[in-house]
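Remarks on the structure that follows.
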Amino acid sequence: GRDKDDLVVPASGGRYDVHLQKRQRLAVYWEEEVSEVRRCTWFYKGDKDNKYIPYSETFSEELEEAYRIAVTLDEWKKKLESPSREVIILHNPKLMVHYHPVASSDDWGSTPTEQGRPRTVKRGVENIAAEIPNGEPLQIDHLVFVVHGIGPACDIRFRSIVQCVNDFRNVSLNMLQAHFRKAQEQQQIGRVEFLPVNWHSSLHSTGVDVDLERITLPSINRLRHFINDTILDVFFYNSSTYCQTIVDTVASEMNRLYQLFLQRNPLFKGGVSIAGHSLGSLILFDLLTNQKAAPEEDEHGREGSRTTSSSRGVEEVKEMLKKLELSEYCDVFEKERMDRQALFLCTEKNLKEMGIPLGPRMKILHHISSRREMQVSEPGSASQRDPDSTDNGRNCQYRDVGLGQVSANYPQLDYKPTIFFAFGSPIGMFLTVRGVKRIDPNYSLPTCKGFFNIFHPFDPVAYRIEPMIVPDLEFEPMLLPHHKGRKRMHLELKEGLTRMSVDLKNNLLGSLRVAWQSFTRAPLPAAASTDAEVEAEAGAEKQPDTKPEEPPAAVKEETPLINVGRLNGGNRIDYVLQEKPIESFNEYLFALQGHLCYWESEDTVLLVLKEIYQTQGIALDQPLPGSQ
C-alpha cells in the first residue's frame with residue numbers, strides 16, 4: 001500500500017535515508033545533493049572499472065525483455081540499441097557485451113573506455129555478491145565529532161570534510177576487524193561513528209566574501225581567491241566579530257548533531273569524543289577551556305585535591321621563600337597554615353596583617369604576579385584566587401591575556417566529551433603567541449579528561465604541548481606504533497646505523513686515548529712494574545671507554561616515565577606518526593602532505609580506537625610494541 005511506497009530505509013550506517021518511491025538518497029546529518037538510487041538486476045563492467053555498475057531501471061527493463069524473448073525463442077546474437085546509441089549484443093546466456101564507442105564517464109564511477117572496447121554485461125548478482133558490501137555493525141559504541149581546519153578542502157585532493165571523514169570511518173571499520181576481532185566475535189563491541197562538523201560555509205555566508213572581493217586586487221586572481229577562501233580563516237578566528245560566529249557555529253552544530261543522533265539512535269548509551277584538524281583543534285580547545293563543570297563535580301574535585309595537596313602546598317611555600325631568600329618567615333607562614341593556593345589568594349593587606357615587612361611583601365607579591373602570568377587557568381579563576389583584591393583590573397587582564405583568547409561568549413556543549421583528539425594542531429603555537437609561557441601541570445579541561453596531540457613529523461602546522469607543561473626537561477614525543485605491530489623498516493635501519501656509528505666513534509676515541517696515554521706516560525723502572533700492576537693499569541685505561549658506548553637517549557627504545565600533568569589524566573599527550581620511507585628522502589617536499597595525511601592514516605585511527613575502547617575496558621587483540 002501507501003506506506004510501502006513511501007518507505008524510507010536508513011543506509012550507510014544511518015547517515016543517509018533512501019526514499020524508495022522517489023529512488024533518492026538524502027544525507028541525514030549534513031547538506032548534500034540528492035543522489036540517485038537504482039533498483040535493477042542488469043550491470044556492466046569495463047576493463048578499467050573496479051566494480052559492476054547498474055544500468056538505469058528503464059534500460060534494465062528493455063534488457064530484461066530482450067533476454068526473456070531470446071531465452072523463450074532460443075534466438076541469440078540479438079542486438080539492442082540504447083537511447084544513447086550504445087549497442088548491447090546478447091551472444092548467449094553467459095556472454096553478453098556492451099559496445100560503448102564514445103569515451104565518457106558517468107556519476108557511477110565508470111571510467112572512459114577505449115574506442116570500440118566492449119564492456120562485460122551481467123544479469124543478476126550471483127557471481128558479484130562478493131563485491132557488494134555486507135554493511136556496518138548496527139551497534140554504535142561511541143560518537144566522535146570531527147571539526148575541520150581552514151578552507152573548504154581538507155586534503156591534498158581538495159575534498160570536503162564529509163568525504164575525508166568518510167575515509168576516516170572506513171579505515172576505522174578495517175582497523176576494528178584487524179585489531180578488535182575477538183571483541184567483535186564475542187559481540188562486546190560494534191563500531192565508532194564519526195560525524196563531520198562544517199563551520200566554513202556558515203562563516204563565508206555572512207557576506208564577508210563580497211566585502212573582500214571589493215578590495216581584492218585583480219592580479220594573480222586564483223592565488224588571491226585561494227588566500228581569501230582559506231588562509232584568511234586564521235585571521236577571521238582572531239577577530240572578535242567572526243570568532244563569535246565560528247564558535248557559535250561549531251558549538252551549535254555539534255549540539256544539533258548530538259540531539260539528532262540521539263533521536264535516531266534512542267538506545268545509544270555510549271560516550272562522545274571530539275576531534276579537530278589544524279585550526280579546528282584550536283577552536284575545540286578554546287571551547288573546552290570555557291566549559292563549566294557541574295557544581296557538584298567541581299566541589300568533589302576540590303575536596304579530593306584539598307586533602308592530597310595541603311601538606312605538599314606548605315612545603316612548596318617554604319621552597320618558594322627559600323628561593324626568595326626569605327627563609328626567616330617560614331615559621332610565620334606555617335603557623336598561618338599557608339599553602340600554595342592560599343598564598344595565591346593573598347593580598348598586600350593580608351601579608352601586612354601577618355607582620356611581613358614592606359620589602360619581603362613586595363618580593364612575594366611580585367613572585368605571585370609572575371607565576372600567574374605563566375599559567376593557564378580556568379575562566380574566572382583569577383577572580384576566585386583573589387576575591388578581596390582591589391586590583392580587579394589586573395585580574396580581568398590576567399583572565400583574558402593569560403588564556404589569550406579572543407573576547408567572545410563561548411557556548412556550552414550538551415555533553416561532556418570523553419577525549420579530545422587534535423590532528424596536526426597549532427594549539428601550542430597559538431598559546432605561546434597569546435603570551436602563555438607555561439601550562440600549569442595541575443590544569444585539566446573542565447569537562448574533558450582526555451587530550452591527545454597527534455602529528456606527522458613533517459607537518460609544518462603542528463606544534464607540541466608537553467614542553468609547555470614540563471619546560472625544563474627535554475624529551476621526545478611518543479612514537480605512534482605502526483598498525484602492523486612494528487616500526488617501519490627504514491626507521492629501524494636508521495636507528496641501527498646510528499647505534500653502529502656511535503659504537504665506532506666510541507671505539508675509535510677509546511683506542512686513540514689509550515695510544516696517547518701510553519705515548520705520554522713516563523717510563524717506569526723495569527723491576528717495579530709487575531704483571532699485576534700492568535693488568536690494573538690496562539683495566540684503568542679501559543674503564544672510561546665502557547661508559548660512552550651506551551647509545552644516546554634518542555636511540556634508546558625504552559621511554560622513561562615523565563610526569564606531564566593532568567591535561568591527559570597524567571598520561572602522555574604528544575604522539576608522533578612514523579613517516580613513510582619515501583617521505584624521509586625530502587622533508588620539505590612532503591610537508592603539505594604531512595599536514596593532510598591524518599584522514600587515511602591507519603596509525604592515527606588505531607590510536608583513536610584504542611583510547612576510546614580503553615575507556616570501556618576493551619583492549620586490542622595484541623598490544624602494539626611501544627604503545628603506552
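Each chain of the C-alpha cells is named A, B, ... in the order shown, its residues numbered from 1; ligands are numbered from 1 in display order.
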For this session: Could you give me, as a ChimeraX atom specification, each residue of stretch 119-301 of chain A that DSSP assigns to alpha helix (DSSP H) when run on this structure's backbone?
Result: /A:161-179,181-185,200-204,208-215,221-226,232-237,240-264,279-289,295-301
With a cut-off of 7 Å, could you pull out the residues of stretch 565-607 of chain A touching stretch 456-469 of chain A and give me the nearest pair of atoms for each, distance in Å to one decimal, using only C-alpha atoms, ordered by chain and ascending number, as a tab-separated table?
residue	atom	partner	partner_atom	distance
A:Gly565	CA	A:Ile469	CA	6.9
A:Ile573	CA	A:Glu466	CA	6.6
A:Asp574	CA	A:Arg464	CA	6.3
A:Val576	CA	A:His456	CA	5.7
A:Leu577	CA	A:His456	CA	5.0
A:Glu579	CA	A:Pro457	CA	6.9
A:Glu587	CA	A:Phe458	CA	6.1
A:Ala591	CA	A:Phe458	CA	5.2
A:Leu592	CA	A:Asp459	CA	6.9
A:Gly594	CA	A:Asp459	CA	4.7
A:His595	CA	A:Asp459	CA	4.7
Problem set entry | Near-stretch 32-37 of chain A list (8 Å; only C-alpha atoms; drop same-chain fewer than 3 positions) as a PyMOL selection string | chain A and resi 18+23-27
Problem set entry | Shell of 12 Å around A:Asp74, only C-alpha atoms, local chain residues under 4 positions omitted, as a list of chain:residue names | A:Ala66, A:Tyr67, A:Arg68, A:Ile69, A:Ala70, A:Lys78, A:Leu90, A:His91, A:Asn92, A:Pro93
Could you please take those selected residues and save N, CA, C and O atoms as a short mmCIF file (atom, residue, chain, number, x, y, z; two decimals), in the first residue's frame?
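Writing done, so here's part.cif:
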data_model
loop_
_atom_site.label_atom_id
_atom_site.label_comp_id
_atom_site.auth_asym_id
_atom_site.auth_seq_id
_atom_site.Cartn_x
_atom_site.Cartn_y
_atom_site.Cartn_z
N ALA A 66 14.31 -8.20 -23.74
CA ALA A 66 15.04 -8.82 -24.83
C ALA A 66 15.63 -10.16 -24.41
O ALA A 66 15.66 -11.13 -25.20
N TYR A 67 16.10 -10.26 -23.19
CA TYR A 67 16.68 -11.50 -22.69
C TYR A 67 15.62 -12.60 -22.61
O TYR A 67 15.87 -13.75 -22.98
N ARG A 68 14.44 -12.25 -22.10
CA ARG A 68 13.38 -13.24 -21.98
C ARG A 68 12.94 -13.75 -23.35
O ARG A 68 12.68 -14.95 -23.53
N ILE A 69 12.86 -12.87 -24.35
CA ILE A 69 12.49 -13.29 -25.71
C ILE A 69 13.55 -14.23 -26.27
O ILE A 69 13.24 -15.26 -26.88
N ALA A 70 14.83 -13.87 -26.03
CA ALA A 70 15.92 -14.71 -26.55
C ALA A 70 15.89 -16.09 -25.90
O ALA A 70 16.11 -17.11 -26.57
N LYS A 78 21.32 -11.30 -30.46
CA LYS A 78 20.41 -10.17 -30.68
C LYS A 78 21.12 -8.86 -30.35
O LYS A 78 21.88 -8.79 -29.38
N LEU A 90 23.57 -9.78 -27.20
CA LEU A 90 23.33 -10.95 -26.36
C LEU A 90 23.75 -12.19 -27.16
O LEU A 90 22.97 -12.74 -27.94
N HIS A 91 25.01 -12.63 -26.99
CA HIS A 91 25.51 -13.79 -27.72
C HIS A 91 24.90 -15.09 -27.19
O HIS A 91 24.45 -15.94 -27.95
N ASN A 92 24.90 -15.24 -25.87
CA ASN A 92 24.30 -16.39 -25.21
C ASN A 92 24.13 -16.03 -23.74
O ASN A 92 24.57 -14.95 -23.30
N PRO A 93 23.50 -16.89 -22.92
CA PRO A 93 23.25 -16.51 -21.52
C PRO A 93 24.51 -16.16 -20.74
O PRO A 93 24.46 -15.42 -19.76
#
Exercise. In Å to one decimal, how far is atom CA of A:Asn265 from atom CA of A:Arg181?
Worked result: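 These two atoms are separated by 24.4 Å.
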Exercise. Nearest to A:Pro360 among A:Tyr329, A:Phe421, A:Tyr52, A:Phe344, with distances taken over only C-alpha atoms: which residue is it?
Worked result: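 So, comparing all the options, the nearest one is A:Tyr329.
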Exercise. So, counting only C-alpha atoms, which residue among A:Phe285, A:Tyr415, A:Gly569, A:Ile562 is closest to A:Leu431?
Worked result: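 Closest candidate: A:Phe285.
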